[in-house]
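Chemist: Just one file: run04.pdb, with PDB, C-alpha atoms and all ligand atoms.
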```pdb
MODEL        1
ATOM      1  CA  MET A   1     -90.376 191.041  77.960  1.00  0.00           C
ATOM      2  CA  THR A   2     -87.015 189.596  79.020  1.00  0.00           C
ATOM      3  CA  ILE A   3     -87.019 186.619  81.394  1.00  0.00           C
ATOM      4  CA  PRO A   4     -83.918 186.311  83.621  1.00  0.00           C
ATOM      5  CA  VAL A   5     -81.902 183.139  82.902  1.00  0.00           C
ATOM      6  CA  GLN A   6     -82.524 181.618  86.371  1.00  0.00           C
ATOM      7  CA  LYS A   7     -86.284 181.930  85.949  1.00  0.00           C
ATOM      8  CA  LEU A   8     -86.095 180.484  82.450  1.00  0.00           C
ATOM      9  CA  LYS A   9     -84.479 177.315  83.820  1.00  0.00           C
ATOM     10  CA  LEU A  10     -87.325 176.906  86.290  1.00  0.00           C
ATOM     11  CA  VAL A  11     -89.850 177.189  83.487  1.00  0.00           C
ATOM     12  CA  ILE A  12     -88.093 174.705  81.199  1.00  0.00           C
ATOM     13  CA  GLY A  13     -87.990 171.880  83.826  1.00  0.00           C
ATOM     14  CA  PRO A  14     -91.687 171.300  84.552  1.00  0.00           C
ATOM     15  CA  ALA A  15     -92.732 172.170  80.993  1.00  0.00           C
ATOM     16  CA  ARG A  16     -90.525 169.392  79.672  1.00  0.00           C
ATOM     17  CA  SER A  17     -91.945 166.772  82.006  1.00  0.00           C
ATOM     18  CA  GLY A  18     -95.481 167.939  81.250  1.00  0.00           C
ATOM     19  CA  LYS A  19     -94.751 167.373  77.571  1.00  0.00           C
ATOM     20  CA  MET A  20     -94.494 163.620  78.094  1.00  0.00           C
ATOM     21  CA  ILE A  21     -97.876 163.488  79.860  1.00  0.00           C
ATOM     22  CA  THR A  22     -99.393 165.430  76.933  1.00  0.00           C
ATOM     23  CA  ALA A  23     -97.678 163.006  74.535  1.00  0.00           C
ATOM     24  CA  MET A  24     -99.559 160.108  76.163  1.00  0.00           C
ATOM     25  CA  GLY A  25    -102.819 161.509  74.738  1.00  0.00           C
ATOM     26  CA  ASP A  26    -101.182 162.464  71.427  1.00  0.00           C
ATOM     27  CA  VAL A  27     -99.918 158.892  70.913  1.00  0.00           C
ATOM     28  CA  MET A  28    -103.369 157.450  71.580  1.00  0.00           C
ATOM     29  CA  ARG A  29    -104.992 159.859  69.112  1.00  0.00           C
ATOM     30  CA  ARG A  30    -102.415 158.887  66.458  1.00  0.00           C
ATOM     31  CA  ALA A  31    -103.009 155.181  67.189  1.00  0.00           C
ATOM     32  CA  TYR A  32    -106.757 155.719  66.761  1.00  0.00           C
ATOM     33  CA  GLU A  33    -106.232 157.561  63.453  1.00  0.00           C
ATOM     34  CA  LYS A  34    -104.072 154.665  62.258  1.00  0.00           C
ATOM     35  CA  GLY A  35    -106.805 152.153  63.155  1.00  0.00           C
ATOM     36  CA  TRP A  36    -104.587 150.443  65.724  1.00  0.00           C
ATOM     37  CA  ILE A  37    -107.214 150.790  68.454  1.00  0.00           C
ATOM     38  CA  THR A  38    -110.947 151.301  68.611  1.00  0.00           C
ATOM     39  CA  THR A  39    -112.098 154.339  70.609  1.00  0.00           C
ATOM     40  CA  ARG A  40    -111.690 153.003  74.149  1.00  0.00           C
ATOM     41  CA  ASP A  41    -108.821 150.519  73.591  1.00  0.00           C
ATOM     42  CA  GLY A  42    -105.136 150.753  74.377  1.00  0.00           C
ATOM     43  CA  ASN A  43    -103.230 152.128  77.330  1.00  0.00           C
ATOM     44  CA  ILE A  44    -100.010 153.937  78.213  1.00  0.00           C
ATOM     45  CA  SER A  45     -97.983 154.407  81.348  1.00  0.00           C
ATOM     46  CA  LEU A  46     -95.038 156.624  82.157  1.00  0.00           C
ATOM     47  CA  ARG A  47     -92.587 156.547  85.024  1.00  0.00           C
ATOM     48  CA  ARG A  48     -89.828 159.116  85.329  1.00  0.00           C
ATOM     49  CA  LYS A  49     -86.336 158.405  86.577  1.00  0.00           C
ATOM     50  CA  GLY A  50     -86.244 158.139  90.384  1.00  0.00           C
ATOM     51  CA  SER A  51     -89.985 158.725  90.789  1.00  0.00           C
ATOM     52  CA  ASN A  52     -92.421 156.437  92.605  1.00  0.00           C
ATOM     53  CA  ILE A  53     -95.349 157.807  90.593  1.00  0.00           C
ATOM     54  CA  MET A  54     -96.622 155.885  87.587  1.00  0.00           C
ATOM     55  CA  TYR A  55     -98.826 157.907  85.248  1.00  0.00           C
ATOM     56  CA  ILE A  56    -101.339 155.690  83.479  1.00  0.00           C
ATOM     57  CA  THR A  57    -104.336 156.106  81.192  1.00  0.00           C
ATOM     58  CA  PRO A  58    -107.798 155.685  82.766  1.00  0.00           C
ATOM     59  CA  SER A  59    -109.938 152.612  82.095  1.00  0.00           C
ATOM     60  CA  GLY A  60    -112.553 152.818  79.354  1.00  0.00           C
ATOM     61  CA  TRP A  61    -111.921 156.480  78.557  1.00  0.00           C
ATOM     62  CA  ARG A  62    -112.314 157.603  74.931  1.00  0.00           C
ATOM     63  CA  LYS A  63    -108.729 157.861  73.759  1.00  0.00           C
ATOM     64  CA  THR A  64    -109.566 160.554  71.207  1.00  0.00           C
ATOM     65  CA  ILE A  65    -110.249 162.988  74.086  1.00  0.00           C
ATOM     66  CA  LEU A  66    -107.442 161.908  76.407  1.00  0.00           C
ATOM     67  CA  HIS A  67    -105.626 164.870  77.982  1.00  0.00           C
ATOM     68  CA  PRO A  68    -103.219 165.342  80.921  1.00  0.00           C
ATOM     69  CA  GLU A  69    -106.041 165.984  83.418  1.00  0.00           C
ATOM     70  CA  HIS A  70    -107.438 162.489  82.720  1.00  0.00           C
ATOM     71  CA  ILE A  71    -104.202 160.641  83.452  1.00  0.00           C
ATOM     72  CA  VAL A  72    -104.248 158.639  86.717  1.00  0.00           C
ATOM     73  CA  ARG A  73    -101.308 159.051  89.136  1.00  0.00           C
ATOM     74  CA  VAL A  74    -100.643 155.705  90.801  1.00  0.00           C
ATOM     75  CA  LYS A  75     -98.121 155.506  93.632  1.00  0.00           C
ATOM     76  CA  LEU A  76     -95.676 152.590  93.507  1.00  0.00           C
ATOM     77  CA  LEU A  77     -95.119 151.191  97.004  1.00  0.00           C
ATOM     78  CA  LYS A  78     -92.689 148.364  97.881  1.00  0.00           C
ATOM     79  CA  SER A  79     -94.868 145.468  96.803  1.00  0.00           C
ATOM     80  CA  SER A  80     -98.172 147.128  95.995  1.00  0.00           C
ATOM     81  CA  LEU A  81     -99.830 150.124  94.367  1.00  0.00           C
ATOM     82  CA  LYS A  82    -101.821 153.038  95.741  1.00  0.00           C
ATOM     83  CA  VAL A  83    -104.590 154.099  93.370  1.00  0.00           C
ATOM     84  CA  PRO A  84    -106.136 157.498  94.226  1.00  0.00           C
ATOM     85  CA  GLU A  85    -109.729 157.269  95.405  1.00  0.00           C
ATOM     86  CA  GLY A  86    -112.318 157.926  92.719  1.00  0.00           C
ATOM     87  CA  THR A  87    -109.965 157.007  89.854  1.00  0.00           C
ATOM     88  CA  VAL A  88    -109.975 153.858  87.711  1.00  0.00           C
ATOM     89  CA  PRO A  89    -106.677 153.114  85.981  1.00  0.00           C
ATOM     90  CA  SER A  90    -106.392 150.945  82.855  1.00  0.00           C
ATOM     91  CA  GLY A  91    -107.454 147.297  83.126  1.00  0.00           C
ATOM     92  CA  GLU A  92    -103.883 146.383  82.113  1.00  0.00           C
ATOM     93  CA  LEU A  93    -102.532 148.088  85.263  1.00  0.00           C
ATOM     94  CA  GLU A  94    -100.727 144.936  86.411  1.00  0.00           C
ATOM     95  CA  MET A  95     -98.811 144.609  83.121  1.00  0.00           C
ATOM     96  CA  HIS A  96     -97.610 148.223  83.404  1.00  0.00           C
ATOM     97  CA  HIS A  97     -96.803 147.850  87.094  1.00  0.00           C
ATOM     98  CA  LEU A  98     -94.672 144.714  86.658  1.00  0.00           C
ATOM     99  CA  LEU A  99     -92.543 146.386  83.969  1.00  0.00           C
ATOM    100  CA  GLN A 100     -92.427 149.926  85.379  1.00  0.00           C
ATOM    101  CA  ARG A 101     -91.216 148.852  88.844  1.00  0.00           C
ATOM    102  CA  ILE A 102     -87.930 147.273  87.645  1.00  0.00           C
ATOM    103  CA  HIS A 103     -86.116 150.089  85.815  1.00  0.00           C
ATOM    104  CA  SER A 104     -84.339 153.194  87.072  1.00  0.00           C
ATOM    105  CA  SER A 105     -84.541 155.442  83.984  1.00  0.00           C
ATOM    106  CA  THR A 106     -87.556 157.225  82.479  1.00  0.00           C
ATOM    107  CA  LYS A 107     -89.733 154.791  80.538  1.00  0.00           C
ATOM    108  CA  ALA A 108     -93.057 154.824  78.723  1.00  0.00           C
ATOM    109  CA  ILE A 109     -94.998 151.617  78.071  1.00  0.00           C
ATOM    110  CA  VAL A 110     -97.541 151.534  75.270  1.00  0.00           C
ATOM    111  CA  HIS A 111    -100.119 148.809  74.671  1.00  0.00           C
ATOM    112  CA  LEU A 112    -102.044 148.948  71.366  1.00  0.00           C
ATOM    113  CA  HIS A 113    -103.862 146.577  68.984  1.00  0.00           C
ATOM    114  CA  PRO A 114    -102.009 147.184  65.665  1.00  0.00           C
ATOM    115  CA  THR A 115    -103.920 145.413  62.914  1.00  0.00           C
ATOM    116  CA  ASN A 116    -101.133 143.989  60.765  1.00  0.00           C
ATOM    117  CA  ILE A 117     -99.022 142.765  63.678  1.00  0.00           C
ATOM    118  CA  ILE A 118    -101.995 140.880  65.109  1.00  0.00           C
ATOM    119  CA  ALA A 119    -102.892 139.560  61.638  1.00  0.00           C
ATOM    120  CA  ALA A 120     -99.308 138.347  61.098  1.00  0.00           C
ATOM    121  CA  MET A 121     -99.313 136.481  64.420  1.00  0.00           C
ATOM    122  CA  TYR A 122    -102.743 135.044  63.614  1.00  0.00           C
ATOM    123  CA  ALA A 123    -101.405 133.796  60.269  1.00  0.00           C
ATOM    124  CA  GLY A 124     -98.599 132.025  62.129  1.00  0.00           C
ATOM    125  CA  TRP A 125     -95.650 134.376  61.556  1.00  0.00           C
ATOM    126  CA  ASP A 126     -92.919 134.491  64.183  1.00  0.00           C
ATOM    127  CA  LEU A 127     -92.417 138.240  64.794  1.00  0.00           C
ATOM    128  CA  GLN A 128     -88.859 137.791  66.038  1.00  0.00           C
ATOM    129  CA  ALA A 129     -87.806 135.821  62.955  1.00  0.00           C
ATOM    130  CA  LEU A 130     -89.618 138.275  60.657  1.00  0.00           C
ATOM    131  CA  SER A 131     -87.935 141.324  62.159  1.00  0.00           C
ATOM    132  CA  ALA A 132     -84.509 139.747  61.637  1.00  0.00           C
ATOM    133  CA  GLU A 133     -85.214 139.773  57.876  1.00  0.00           C
ATOM    134  CA  PHE A 134     -85.965 143.512  57.753  1.00  0.00           C
ATOM    135  CA  PRO A 135     -83.138 145.918  58.705  1.00  0.00           C
ATOM    136  CA  GLU A 136     -85.565 148.831  59.163  1.00  0.00           C
ATOM    137  CA  VAL A 137     -86.771 146.994  62.258  1.00  0.00           C
ATOM    138  CA  SER A 138     -83.752 145.011  63.418  1.00  0.00           C
ATOM    139  CA  ARG A 139     -81.441 148.076  63.429  1.00  0.00           C
ATOM    140  CA  TYR A 140     -83.584 150.031  65.871  1.00  0.00           C
ATOM    141  CA  THR A 141     -86.050 147.709  67.562  1.00  0.00           C
ATOM    142  CA  LYS A 142     -85.473 144.506  69.526  1.00  0.00           C
ATOM    143  CA  VAL A 143     -88.480 142.264  69.040  1.00  0.00           C
ATOM    144  CA  GLY A 144     -89.089 139.671  71.740  1.00  0.00           C
ATOM    145  CA  PRO A 145     -90.842 136.299  71.539  1.00  0.00           C
ATOM    146  CA  SER A 146     -94.615 136.634  71.211  1.00  0.00           C
ATOM    147  CA  VAL A 147     -96.885 136.047  74.186  1.00  0.00           C
ATOM    148  CA  PRO A 148     -99.463 133.249  73.632  1.00  0.00           C
ATOM    149  CA  VAL A 149    -103.207 133.914  73.532  1.00  0.00           C
ATOM    150  CA  LEU A 150    -104.290 134.816  77.080  1.00  0.00           C
ATOM    151  CA  PRO A 151    -107.346 136.599  78.508  1.00  0.00           C
ATOM    152  CA  VAL A 152    -107.158 140.407  78.297  1.00  0.00           C
ATOM    153  CA  THR A 153    -106.438 142.294  81.553  1.00  0.00           C
ATOM    154  CA  SER A 154    -105.596 138.970  83.269  1.00  0.00           C
ATOM    155  CA  PRO A 155    -102.706 138.455  85.711  1.00  0.00           C
ATOM    156  CA  GLU A 156    -101.550 135.670  83.339  1.00  0.00           C
ATOM    157  CA  LEU A 157    -101.218 138.126  80.443  1.00  0.00           C
ATOM    158  CA  ALA A 158     -99.365 140.589  82.687  1.00  0.00           C
ATOM    159  CA  ALA A 159     -96.934 137.916  83.923  1.00  0.00           C
ATOM    160  CA  ALA A 160     -96.322 136.411  80.458  1.00  0.00           C
ATOM    161  CA  THR A 161     -95.730 139.864  78.921  1.00  0.00           C
ATOM    162  CA  TYR A 162     -93.235 140.610  81.696  1.00  0.00           C
ATOM    163  CA  GLU A 163     -91.406 137.312  81.133  1.00  0.00           C
ATOM    164  CA  HIS A 164     -91.217 137.823  77.374  1.00  0.00           C
ATOM    165  CA  MET A 165     -89.979 141.446  77.628  1.00  0.00           C
ATOM    166  CA  THR A 166     -87.269 140.799  80.234  1.00  0.00           C
ATOM    167  CA  ARG A 167     -84.134 138.793  80.919  1.00  0.00           C
ATOM    168  CA  ASP A 168     -82.885 138.344  84.499  1.00  0.00           C
ATOM    169  CA  ASP A 169     -85.570 140.792  85.629  1.00  0.00           C
ATOM    170  CA  LYS A 170     -84.225 143.559  83.378  1.00  0.00           C
ATOM    171  CA  ILE A 171     -86.032 145.027  80.384  1.00  0.00           C
ATOM    172  CA  PHE A 172     -84.375 143.373  77.376  1.00  0.00           C
ATOM    173  CA  PHE A 173     -86.722 143.751  74.392  1.00  0.00           C
ATOM    174  CA  ASP A 174     -88.418 146.882  72.998  1.00  0.00           C
ATOM    175  CA  ILE A 175     -91.633 145.166  71.916  1.00  0.00           C
ATOM    176  CA  VAL A 176     -93.498 141.866  72.100  1.00  0.00           C
ATOM    177  CA  GLY A 177     -96.664 140.705  70.361  1.00  0.00           C
ATOM    178  CA  GLN A 178     -99.580 139.297  72.357  1.00  0.00           C
ATOM    179  CA  GLY A 179    -101.512 136.612  70.457  1.00  0.00           C
ATOM    180  CA  ASN A 180    -105.002 137.552  69.161  1.00  0.00           C
ATOM    181  CA  HIS A 181    -104.706 140.821  71.057  1.00  0.00           C
ATOM    182  CA  GLY A 182    -101.925 143.399  70.591  1.00  0.00           C
ATOM    183  CA  VAL A 183     -98.431 144.514  71.535  1.00  0.00           C
ATOM    184  CA  CYS A 184     -96.546 145.851  74.516  1.00  0.00           C
ATOM    185  CA  SER A 185     -93.770 148.314  73.707  1.00  0.00           C
ATOM    186  CA  ILE A 186     -91.253 150.207  75.867  1.00  0.00           C
ATOM    187  CA  GLY A 187     -89.355 153.392  75.084  1.00  0.00           C
ATOM    188  CA  LYS A 188     -87.714 156.387  76.735  1.00  0.00           C
ATOM    189  CA  ASN A 189     -90.876 158.423  76.062  1.00  0.00           C
ATOM    190  CA  PRO A 190     -94.359 157.708  74.603  1.00  0.00           C
ATOM    191  CA  TRP A 191     -93.325 158.510  71.009  1.00  0.00           C
ATOM    192  CA  ASP A 192     -90.236 156.306  71.215  1.00  0.00           C
ATOM    193  CA  ALA A 193     -92.410 153.354  72.306  1.00  0.00           C
ATOM    194  CA  TYR A 194     -94.874 154.229  69.518  1.00  0.00           C
ATOM    195  CA  GLU A 195     -92.085 154.093  66.917  1.00  0.00           C
ATOM    196  CA  HIS A 196     -91.182 150.527  67.859  1.00  0.00           C
ATOM    197  CA  ILE A 197     -94.800 149.576  67.160  1.00  0.00           C
ATOM    198  CA  GLU A 198     -94.865 151.548  63.912  1.00  0.00           C
ATOM    199  CA  ARG A 199     -91.743 149.827  62.550  1.00  0.00           C
ATOM    200  CA  LEU A 200     -92.978 146.333  63.321  1.00  0.00           C
ATOM    201  CA  GLU A 201     -96.469 147.130  62.010  1.00  0.00           C
ATOM    202  CA  HIS A 202     -94.954 148.377  58.731  1.00  0.00           C
ATOM    203  CA  ILE A 203     -93.022 145.190  57.976  1.00  0.00           C
ATOM    204  CA  CYS A 204     -95.981 143.011  59.007  1.00  0.00           C
ATOM    205  CA  GLU A 205     -98.101 144.903  56.467  1.00  0.00           C
ATOM    206  CA  ILE A 206     -95.438 144.295  53.808  1.00  0.00           C
ATOM    207  CA  VAL A 207     -95.243 140.584  54.596  1.00  0.00           C
ATOM    208  CA  LEU A 208     -99.013 140.153  54.566  1.00  0.00           C
ATOM    209  CA  LYS A 209     -99.299 142.093  51.273  1.00  0.00           C
ATOM    210  CA  SER A 210     -96.593 139.900  49.721  1.00  0.00           C
ATOM    211  CA  GLY A 211     -99.018 136.977  49.932  1.00  0.00           C
ATOM    212  CA  LYS A 212     -96.255 134.684  51.178  1.00  0.00           C
ATOM    213  CA  LYS A 213     -97.507 132.023  53.558  1.00  0.00           C
ATOM    214  CA  VAL A 214     -95.752 130.677  56.633  1.00  0.00           C
ATOM    215  CA  SER A 215     -93.881 127.507  55.708  1.00  0.00           C
ATOM    216  CA  ASN A 216     -93.482 124.607  58.125  1.00  0.00           C
ATOM    217  CA  ASN A 217     -89.752 125.340  58.278  1.00  0.00           C
ATOM    218  CA  THR A 218     -90.110 128.861  59.691  1.00  0.00           C
TER     219      THR A 218
HETATM  220 ZN    ZN B 301    -105.527 145.388  74.770  1.00  0.00          ZN
ENDMDL
END
```
As structure tokens, what does this structure read like?
Ligand SMILES: [Zn+2]

Modeler:
Amino acid sequence: MTIPVQKLKLVIGPARSGKMITAMGDVMRRAYEKGWITTRDGNISLRRKGSNIMYITPSGWRKTILHPEHIVRVKLLKSSLKVPEGTVPSGELEMHHLLQRIHSSTKAIVHLHPTNIIAAMYAGWDLQALSAEFPEVSRYTKVGPSVPVLPVTSPELAAATYEHMTRDDKIFFDIVGQGNHGVCSIGKNPWDAYEHIERLEHICEIVLKSGKKVSNNT
């Protein structure tokens, strides 16, 4: 069957945007396979250019069975949020909201608990200084200063993550570590944000395997 060109264009538009919502679940499944989250951990949000809708993962849902129909659609109002009745968005909603409200292009924000990054921070490594030593990270990913240890899902964690990811209220870094907890990463789609995490996780694994210890000078 031949589809007229005009109709084809109409099909391509929504299908493309739907792809990113599907990718939210795909990224979480990959993160689970990698051991970077336990079943119900981690969260992702997505906000498209010019839209006042923030798509976000539901709270406590098993990320291995996360599909587009489970994603919560939160409306961004001037200084607040409108959560649809009967839905429970991620406990890290405030962190996503603070970062998603300040940009004008399409952005995905991914929060995971990647083992080697957390281990490296726990051992005292400065992620920013480490990334500068490895071109595979520094060429493609801007690592920000790590956020100190703060309670999970707290307003303090949300505010500190925002401060460490931004400069002059603009998104400046691609990823920051969060002490004893995880990372927050931003990209133009869920897989782009995932790749920032993957690169940093890879060099942290290398550093930890090297057996080198943090010296007082670093
Ligand atoms: Zn977390």

Chemist: Could you state which residues are captured by the PyMOL selection byres (((chain A and resi 62) around 12) and not hetatm) in this file, as a list in words?

Modeler: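 Residues picked by the PyMOL selection byres (((chain A and resi 62) around 12) and not hetatm): Gly25, Met28, Arg29, Tyr32, Ile37, Thr38, Thr39, Arg40, Asp41, Gly42, Asn43, Thr57, Pro58, Ser59, Gly60, Trp61, Lys63, Thr64, Ile65, Leu66, His67, His70 and Ser90 of chain A.
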
Chemist: Return as a Markdown table the residues of chain A lying at most 8 Å from ligand ZN 301 (chain B), together with the closest atom-to-atom pair for each and the distance in Å to one decimal, counting all atoms listed in the file, with rows in chain order and ascending residue number.

Modeler:
```
| residue | atom | partner | partner_atom | distance |
| --- | --- | --- | --- | --- |
| A:Asp41 | CA | B:ZN301 | ZN | 6.2 |
| A:Gly42 | CA | B:ZN301 | ZN | 5.4 |
| A:Asn43 | CA | B:ZN301 | ZN | 7.6 |
| A:Glu92 | CA | B:ZN301 | ZN | 7.6 |
| A:His111 | CA | B:ZN301 | ZN | 6.4 |
| A:Leu112 | CA | B:ZN301 | ZN | 6.0 |
| A:His113 | CA | B:ZN301 | ZN | 6.1 |
| A:Val152 | CA | B:ZN301 | ZN | 6.3 |
| A:Thr153 | CA | B:ZN301 | ZN | 7.5 |
| A:His181 | CA | B:ZN301 | ZN | 5.9 |
| A:Gly182 | CA | B:ZN301 | ZN | 5.9 |
| A:Val183 | CA | B:ZN301 | ZN | 7.8 |
```

Chemist: So that I have them on file, write out the residues from the current selection with C-alpha atoms, as a PDB file, keeping the file's coordinate frame.

Modeler:
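What follows is the written file result.pdb:
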```
ATOM      1  CA  ASP A  41    -108.821 150.519  73.591  1.00  0.00           C
ATOM      2  CA  GLY A  42    -105.136 150.753  74.377  1.00  0.00           C
ATOM      3  CA  ASN A  43    -103.230 152.128  77.330  1.00  0.00           C
ATOM      4  CA  GLU A  92    -103.883 146.383  82.113  1.00  0.00           C
ATOM      5  CA  HIS A 111    -100.119 148.809  74.671  1.00  0.00           C
ATOM      6  CA  LEU A 112    -102.044 148.948  71.366  1.00  0.00           C
ATOM      7  CA  HIS A 113    -103.862 146.577  68.984  1.00  0.00           C
ATOM      8  CA  VAL A 152    -107.158 140.407  78.297  1.00  0.00           C
ATOM      9  CA  THR A 153    -106.438 142.294  81.553  1.00  0.00           C
ATOM     10  CA  HIS A 181    -104.706 140.821  71.057  1.00  0.00           C
ATOM     11  CA  GLY A 182    -101.925 143.399  70.591  1.00  0.00           C
ATOM     12  CA  VAL A 183     -98.431 144.514  71.535  1.00  0.00           C
TER      13      VAL A 183
END
```

Chemist: Could you tell me how far atom CA of A:Tyr162 lies from atom CA of A:Ser215, in Å and to one decimal?

Modeler: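 These atoms are spaced 29.1 Å apart.
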
Chemist: What gap, in Å, lies between atom CA of A:Phe134 and atom CA of A:Ala23?

Modeler: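 That distance, rounded to one decimal, is 28.3 Å.
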
Chemist: Using only C-alpha atoms, determine which residues lie at most 10 Å from A:Lys209, disregarding the query and same-chain residues fewer than 5 positions distant; provide the list as a list in words.

Modeler: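 That gives Asn116, Ile203 and Cys204 of chain A.
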
Chemist: Could you please take those selected residues and save C-alpha atoms as an mmCIF file, in the coordinates of the input?

Modeler:
```cif
data_model
loop_
_atom_site.group_PDB
_atom_site.id
_atom_site.type_symbol
_atom_site.label_atom_id
_atom_site.label_comp_id
_atom_site.auth_asym_id
_atom_site.auth_seq_id
_atom_site.Cartn_x
_atom_site.Cartn_y
_atom_site.Cartn_z
ATOM 1 C CA ASN A 116 -101.133 143.989 60.765
ATOM 2 C CA ILE A 203 -93.022 145.190 57.976
ATOM 3 C CA CYS A 204 -95.981 143.011 59.007
#
```

Chemist: Starting from the shown file, work through the PyMOL selection byres (((chain A and resi 191-198) around 10) and not hetatm) and note down what comes out as an NGL selection string.

Modeler: :A and (20 or 23-24 or 26-28 or 30-31 or 34 or 36 or 44 or 107-114 or 117 or 137 or 140-143 or 174-177 or 183-190 or 199-204)

Chemist: What does the structure give for the distance between atom CA of A:His103 and atom CA of A:Asp168, in Å to one decimal?

Modeler: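 Those two atoms sit 12.3 Å apart.
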
Chemist: Could you add N, CA and C atoms to stretch 143-161 of chain A and give me the result as a short mmCIF file (atom, residue, chain, number, x, y, z; two decimals), in the frame of the given file?

Modeler:
```
data_model
loop_
_atom_site.label_atom_id
_atom_site.label_comp_id
_atom_site.auth_asym_id
_atom_site.auth_seq_id
_atom_site.Cartn_x
_atom_site.Cartn_y
_atom_site.Cartn_z
N VAL A 143 -87.17 142.92 68.92
CA VAL A 143 -88.48 142.26 69.04
C VAL A 143 -88.32 140.99 69.87
N GLY A 144 -89.15 140.85 70.88
CA GLY A 144 -89.09 139.67 71.74
C GLY A 144 -90.02 138.57 71.26
N PRO A 145 -89.95 137.42 71.91
CA PRO A 145 -90.84 136.30 71.54
C PRO A 145 -92.29 136.64 71.88
N SER A 146 -93.20 136.27 71.00
CA SER A 146 -94.62 136.63 71.21
C SER A 146 -95.22 135.90 72.40
N VAL A 147 -96.14 136.60 73.04
CA VAL A 147 -96.88 136.05 74.19
C VAL A 147 -98.06 135.24 73.62
N PRO A 148 -98.33 134.03 74.17
CA PRO A 148 -99.46 133.25 73.63
C PRO A 148 -100.80 133.93 73.90
N VAL A 149 -101.86 133.36 73.33
CA VAL A 149 -103.21 133.91 73.53
C VAL A 149 -103.61 133.73 75.01
N LEU A 150 -103.90 134.84 75.66
CA LEU A 150 -104.29 134.82 77.08
C LEU A 150 -105.41 135.84 77.29
N PRO A 151 -106.23 135.65 78.31
CA PRO A 151 -107.35 136.60 78.51
C PRO A 151 -106.85 138.03 78.73
N VAL A 152 -107.54 138.99 78.14
CA VAL A 152 -107.16 140.41 78.30
C VAL A 152 -107.32 140.82 79.75
N THR A 153 -106.49 141.72 80.18
CA THR A 153 -106.44 142.29 81.55
C THR A 153 -106.19 141.23 82.65
N SER A 154 -105.78 140.01 82.25
CA SER A 154 -105.60 138.97 83.27
C SER A 154 -104.19 139.05 83.88
N PRO A 155 -104.04 138.53 85.11
CA PRO A 155 -102.71 138.46 85.71
C PRO A 155 -101.77 137.57 84.86
N GLU A 156 -102.36 136.56 84.19
CA GLU A 156 -101.55 135.67 83.34
C GLU A 156 -100.94 136.44 82.17
N LEU A 157 -101.73 137.32 81.56
CA LEU A 157 -101.22 138.13 80.44
C LEU A 157 -100.12 139.07 80.95
N ALA A 158 -100.36 139.67 82.11
CA ALA A 158 -99.36 140.59 82.69
C ALA A 158 -98.05 139.86 82.95
N ALA A 159 -98.14 138.68 83.56
CA ALA A 159 -96.93 137.92 83.92
C ALA A 159 -96.20 137.43 82.67
N ALA A 160 -96.96 136.93 81.68
CA ALA A 160 -96.32 136.41 80.46
C ALA A 160 -95.67 137.55 79.68
N THR A 161 -96.31 138.72 79.63
CA THR A 161 -95.73 139.86 78.92
C THR A 161 -94.42 140.27 79.61
#
```
